[in-house]
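Listing of data_20.cif, mmCIF, C-alpha atoms and all ligand atoms
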```cif
data_work
loop_
_atom_site.label_atom_id
_atom_site.label_comp_id
_atom_site.auth_asym_id
_atom_site.auth_seq_id
_atom_site.Cartn_x
_atom_site.Cartn_y
_atom_site.Cartn_z
CA MET A 1 5.09 -3.15 -22.18
CA GLN A 2 5.94 -5.61 -19.44
CA ILE A 3 4.17 -4.71 -16.22
CA ALA A 4 7.37 -4.78 -14.18
CA ASP A 5 8.90 -2.31 -16.65
CA ARG A 6 5.79 -0.13 -16.44
CA ILE A 7 5.99 -0.10 -12.64
CA VAL A 8 9.66 0.89 -12.73
CA GLU A 9 8.78 3.61 -15.24
CA ILE A 10 5.98 4.96 -13.02
CA PHE A 11 8.32 5.18 -10.02
CA GLU A 12 11.05 6.78 -12.14
CA ALA A 13 8.62 9.38 -13.50
CA LYS A 14 6.77 10.22 -10.29
CA GLY A 15 8.53 8.50 -7.40
CA GLY A 16 10.70 11.51 -6.59
CA ALA A 17 7.65 13.42 -5.43
CA ALA A 18 7.36 13.98 -1.71
CA TYR A 19 5.25 11.55 0.21
CA PHE A 20 2.58 13.88 1.48
CA GLY A 21 3.70 15.58 4.68
CA GLU A 22 6.55 13.11 5.28
CA PRO A 23 10.35 13.53 5.03
CA VAL A 24 10.75 10.83 2.32
CA SER A 25 9.91 10.57 -1.38
CA GLN A 26 7.24 8.25 -2.74
CA LEU A 27 9.93 5.89 -4.03
CA GLU A 28 11.81 5.87 -0.71
CA HIS A 29 8.54 5.19 1.08
CA ALA A 30 7.67 2.28 -1.22
CA LEU A 31 11.15 0.74 -0.95
CA GLN A 32 11.20 1.03 2.84
CA ALA A 33 7.75 -0.55 3.11
CA ALA A 34 8.90 -3.49 0.96
CA TYR A 35 12.09 -3.76 3.02
CA HIS A 36 10.15 -3.99 6.29
CA ALA A 37 7.82 -6.58 4.74
CA THR A 38 10.82 -8.69 3.76
CA ARG A 39 12.41 -8.36 7.19
CA ASP A 40 9.14 -9.38 8.78
CA GLY A 41 9.13 -12.61 6.78
CA ALA A 42 6.22 -11.73 4.49
CA PRO A 43 5.56 -13.93 1.45
CA ASP A 44 6.64 -12.45 -1.89
CA TRP A 45 3.10 -11.41 -2.92
CA LEU A 46 2.76 -9.38 0.27
CA VAL A 47 6.17 -7.76 -0.23
CA VAL A 48 4.91 -6.74 -3.68
CA ALA A 49 1.73 -5.35 -2.10
CA ALA A 50 3.86 -3.34 0.35
CA LEU A 51 6.01 -2.00 -2.49
CA LEU A 52 2.96 -0.94 -4.50
CA HIS A 53 0.52 0.06 -1.75
CA ASP A 54 0.63 3.79 -2.58
CA ILE A 55 0.94 3.48 -6.37
CA GLY A 56 -2.47 5.16 -6.57
CA HIS A 57 -0.69 8.41 -5.71
CA LEU A 58 1.50 8.05 -8.82
CA LEU A 59 -0.98 7.04 -11.51
CA ASP A 60 -2.24 9.30 -14.22
CA ASP A 61 -3.26 6.70 -16.77
CA MET A 62 -6.25 5.18 -15.10
CA PRO A 63 -8.37 2.97 -17.31
CA GLU A 64 -11.63 4.64 -18.27
CA HIS A 65 -13.80 2.09 -16.51
CA VAL A 66 -12.48 3.32 -13.15
CA ALA A 67 -14.34 6.61 -13.53
CA ASP A 68 -17.42 4.67 -14.59
CA MET A 69 -17.20 2.69 -11.38
CA GLY A 70 -17.77 5.92 -9.48
CA ILE A 71 -14.45 5.74 -7.67
CA ASP A 72 -13.31 9.04 -6.20
CA ALA A 73 -9.71 10.08 -5.73
CA ARG A 74 -9.08 7.81 -2.77
CA HIS A 75 -5.57 6.60 -3.56
CA GLU A 76 -6.12 3.11 -2.18
CA ASP A 77 -9.03 2.60 -4.58
CA LEU A 78 -7.12 4.01 -7.55
CA GLY A 79 -4.18 1.76 -6.76
CA HIS A 80 -6.44 -1.23 -6.29
CA ALA A 81 -8.23 -0.65 -9.62
CA TRP A 82 -4.97 -0.34 -11.53
CA LEU A 83 -3.28 -3.27 -9.82
CA ALA A 84 -6.34 -5.52 -10.30
CA GLN A 85 -5.62 -5.54 -14.03
CA HIS A 86 -2.37 -7.36 -13.32
CA PHE A 87 -2.47 -8.99 -9.87
CA GLY A 88 -4.83 -11.19 -7.87
CA PRO A 89 -6.62 -10.30 -4.62
CA GLU A 90 -3.71 -11.46 -2.44
CA VAL A 91 -1.85 -8.40 -3.74
CA THR A 92 -4.72 -6.00 -4.41
CA ALA A 93 -6.87 -6.52 -1.29
CA PRO A 94 -4.20 -5.47 1.24
CA VAL A 95 -3.54 -2.39 -0.93
CA ARG A 96 -7.24 -1.49 -1.03
CA MET A 97 -7.56 -2.06 2.72
CA HIS A 98 -4.42 -0.30 3.99
CA VAL A 99 -6.26 2.90 4.92
CA ASP A 100 -9.07 0.95 6.57
CA ALA A 101 -6.37 -0.97 8.45
CA LYS A 102 -5.22 2.32 9.97
CA ARG A 103 -8.80 3.09 11.07
CA TYR A 104 -9.01 -0.44 12.46
CA LEU A 105 -5.75 -0.16 14.41
CA CYS A 106 -6.79 3.21 15.84
CA ALA A 107 -9.91 1.51 17.18
CA THR A 108 -8.29 -1.65 18.53
CA ASP A 109 -4.70 -0.87 19.54
CA PRO A 110 -4.45 1.81 22.26
CA GLU A 111 -0.77 2.44 21.46
CA TYR A 112 -1.20 2.71 17.72
CA LEU A 113 -2.13 6.39 17.54
CA SER A 114 1.11 7.36 19.26
CA LEU A 115 3.08 5.56 16.50
CA LEU A 116 1.53 7.60 13.71
CA SER A 117 3.33 10.52 12.12
CA PRO A 118 1.71 13.96 12.45
CA ALA A 119 0.64 13.87 8.77
CA SER A 120 -0.93 10.48 9.26
CA VAL A 121 -2.86 11.63 12.33
CA GLN A 122 -4.09 14.59 10.31
CA SER A 123 -5.26 12.47 7.37
CA LEU A 124 -7.05 10.08 9.73
CA GLN A 125 -9.92 12.50 10.13
CA LEU A 126 -10.29 12.94 6.36
CA GLN A 127 -10.31 9.17 6.06
CA GLY A 128 -13.24 8.83 8.45
CA GLY A 129 -11.53 8.56 11.85
CA PRO A 130 -11.16 5.39 13.96
CA PHE A 131 -13.56 2.55 13.20
CA THR A 132 -16.50 1.94 15.50
CA GLU A 133 -16.57 -1.44 17.22
CA ALA A 134 -19.02 -2.74 14.60
CA GLU A 135 -16.85 -1.48 11.74
CA ALA A 136 -13.78 -3.07 13.31
CA LEU A 137 -15.57 -6.42 13.60
CA ALA A 138 -16.71 -6.21 9.98
CA PHE A 139 -13.16 -5.39 8.87
CA GLU A 140 -11.79 -8.45 10.65
CA GLN A 141 -14.14 -10.68 8.65
CA GLU A 142 -12.84 -9.50 5.29
CA PRO A 143 -10.37 -11.66 3.38
CA PHE A 144 -6.79 -10.41 3.74
CA ALA A 145 -7.62 -8.20 6.75
CA ARG A 146 -4.62 -9.57 8.67
CA GLU A 147 -2.34 -8.93 5.71
CA ALA A 148 -3.70 -5.38 5.38
CA VAL A 149 -2.88 -4.74 9.05
CA ARG A 150 0.66 -6.09 8.59
CA LEU A 151 1.10 -3.89 5.52
CA ARG A 152 -0.16 -0.90 7.48
CA ARG A 153 2.51 -1.33 10.14
CA TRP A 154 5.27 -1.48 7.50
CA ASP A 155 3.71 1.59 5.88
CA ASP A 156 3.97 3.48 9.17
CA LEU A 157 7.65 2.53 9.58
CA ALA A 158 8.59 3.51 6.03
CA LYS A 159 9.19 7.20 6.65
CA VAL A 160 12.84 7.41 7.64
CA PRO A 161 14.90 9.94 5.66
CA GLY A 162 18.09 8.59 4.08
CA MET A 163 17.61 4.95 5.07
CA ARG A 164 19.65 2.60 2.86
CA VAL A 165 17.49 -0.20 1.47
CA PRO A 166 17.48 -2.32 -1.71
CA GLY A 167 16.31 -0.53 -4.87
CA LEU A 168 13.45 -1.24 -7.26
CA GLU A 169 15.35 -3.77 -9.38
CA HIS A 170 15.69 -5.96 -6.32
CA TYR A 171 11.93 -6.59 -6.56
CA ARG A 172 11.56 -7.19 -10.30
CA ALA A 173 11.48 -11.00 -10.13
CA MET A 174 9.08 -10.83 -7.18
CA ILE A 175 6.73 -8.56 -9.15
CA GLU A 176 6.86 -10.91 -12.14
CA GLY A 177 6.21 -13.89 -9.90
CA ALA A 178 3.14 -12.26 -8.38
CA LEU A 179 1.48 -11.37 -11.71
CA LEU A 180 -1.81 -12.97 -12.69
CA ARG A 181 -1.25 -15.80 -15.10
CA ALA A 182 -3.61 -16.41 -17.98
CA SER A 183 -4.42 -20.08 -17.54
FE FE B 1 1.97 4.51 2.52
#
```
Let me see whether you can do it: turn the structure in this file into structure tokens.
Amino acid sequence: MQIADRIVEIFEAKGGAAYFGEPVSQLEHALQAAYHATRDGAPDWLVVAALLHDIGHLLDDMPEHVADMGIDARHEDLGHAWLAQHFGPEVTAPVRMHVDAKRYLCATDPEYLSLLSPASVQSLQLQGGPFTEAEALAFEQEPFAREAVRLRRWDDLAKVPGMRVPGLEHYRAMIEGALLRAS
């Protein structure tokens, strides 16, 4: 099956589920994140990353090697492992780092915590809390750290009930354009 079709199928099967503790569904959340990325002038590959950043919440067909890699149920790692079969690091790294980006912003932006939803503040502790200064510095050195921080801010905005935004089909060509090419 074409990957773009598979992604549409995954959202159709599971995207109606509530986004944990938020007033929008998983699909609404994904579409709003991609919409904010587009409005913010992000390149197509980063719009695709925004659209797919929480796909780890929707997967139930993980490849077997993921368990072998010792990955726990952290959704950003599940999403990263699945996406890495089909996309390069410009898409997968911001997805993998979007939770760390929240910990980074909590450590470096005094206003950031006040922008978080109650559910997101609650999950912060489970995710390890704000980074220390050393952790924040290490995060900044990683490739695609800036992109992960941008994605994080769109993620935080993408929780508005009933917002009208383009649907999944709007992003099909962008998804296909961002796929890894066998060369
Ligand atoms: Fe999210």
Between chain A and ligand FE 1 (chain B), at 7 Å or less, what are the per-residue closest atom pairs and their distances in Å? Count all atoms listed in the file, order by chain and rising residue number, and return it as a tab-separated table.
```
residue	atom	partner	partner_atom	distance
A:His29	CA	B:FE1	FE	6.8
A:His53	CA	B:FE1	FE	6.3
A:Asp54	CA	B:FE1	FE	5.3
A:Asp155	CA	B:FE1	FE	4.8
```
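Atom to atom, atom CA of A:Ala119 and atom CA of A:Gly21 stand 5.4 Å apart.
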task = Could you give me, as JSON, numbers by chain, the residues that sit within 8 Å of (6.3, 5.7, -1.8) in the file's coordinates, counting all atoms listed in the file?
result = {"A": [15, 19, 24, 25, 26, 27, 28, 29, 30, 31, 51, 52, 54, 55]}
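Summary of the local environment: counting all atoms listed in the file, residues at most 10 Å from A:Leu116, other than itself and those fewer than 3 positions away along its chain, are Lys102, Cys106, Glu111, Tyr112, Leu113, Ala119, Ser120, Val121, Gln122, Leu124, Arg153, Asp156 and Leu157 of chain A.
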Limited to C-alpha atoms, could you put the picked residues into a file as a short mmCIF file (atom, residue, chain, number, x, y, z; two decimals), in the frame of the given file?
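Writing done, so here's selection.cif:
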```
data_model
loop_
_atom_site.label_atom_id
_atom_site.label_comp_id
_atom_site.auth_asym_id
_atom_site.auth_seq_id
_atom_site.Cartn_x
_atom_site.Cartn_y
_atom_site.Cartn_z
CA LYS A 102 -5.22 2.32 9.97
CA CYS A 106 -6.79 3.21 15.84
CA GLU A 111 -0.77 2.44 21.46
CA TYR A 112 -1.20 2.71 17.72
CA LEU A 113 -2.13 6.39 17.54
CA ALA A 119 0.64 13.87 8.77
CA SER A 120 -0.93 10.48 9.26
CA VAL A 121 -2.86 11.63 12.33
CA GLN A 122 -4.09 14.59 10.31
CA LEU A 124 -7.05 10.08 9.73
CA ARG A 153 2.51 -1.33 10.14
CA ASP A 156 3.97 3.48 9.17
CA LEU A 157 7.65 2.53 9.58
#
```
request  = Write out as JSON, numbers by chain which residues come within 10 Å of A:Glu169 when counting all atoms listed in the file, dropping same-chain ones fewer than 4 positions away.
outcome  = {"A": [4, 5, 8, 173, 174, 175]}
For the residues in the current selection, export C-alpha atoms as a PDB file, in the coordinates of the input.
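This is the output file out-v3.pdb:
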```pdb
ATOM      1  CA  ALA A   4       7.370  -4.780 -14.180  1.00  0.00           C
ATOM      2  CA  ASP A   5       8.900  -2.310 -16.650  1.00  0.00           C
ATOM      3  CA  VAL A   8       9.660   0.890 -12.730  1.00  0.00           C
ATOM      4  CA  ALA A 173      11.480 -11.000 -10.130  1.00  0.00           C
ATOM      5  CA  MET A 174       9.080 -10.830  -7.180  1.00  0.00           C
ATOM      6  CA  ILE A 175       6.730  -8.560  -9.150  1.00  0.00           C
TER       7      ILE A 175
END
```
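Between A:Pro143 and the candidates A:Ala33, A:Val91, A:Ile10, A:Ala18, the tightest atom-to-atom separation, counting all atoms listed in the file, involves A:Val91.
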Tell me, as a PDB file with C-alpha atoms, in the coordinates of the input, which residues lie within 8 Å of A:His98, counting all atoms listed in the file; anything in the same chain fewer than 6 positions away does not count.
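part-v6.pdb was written with the following content:
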```pdb
ATOM      1  CA  HIS A  53       0.520   0.060  -1.750  1.00  0.00           C
ATOM      2  CA  GLU A  76      -6.120   3.110  -2.180  1.00  0.00           C
ATOM      3  CA  ALA A 148      -3.700  -5.380   5.380  1.00  0.00           C
ATOM      4  CA  VAL A 149      -2.880  -4.740   9.050  1.00  0.00           C
ATOM      5  CA  LEU A 151       1.100  -3.890   5.520  1.00  0.00           C
ATOM      6  CA  ARG A 152      -0.160  -0.900   7.480  1.00  0.00           C
TER       7      ARG A 152
END
```
task = For atom CA of A:Ala37 and atom CA of A:Ala50, quote the distance in Å rounded to one decimal.
result = 6.7 Å
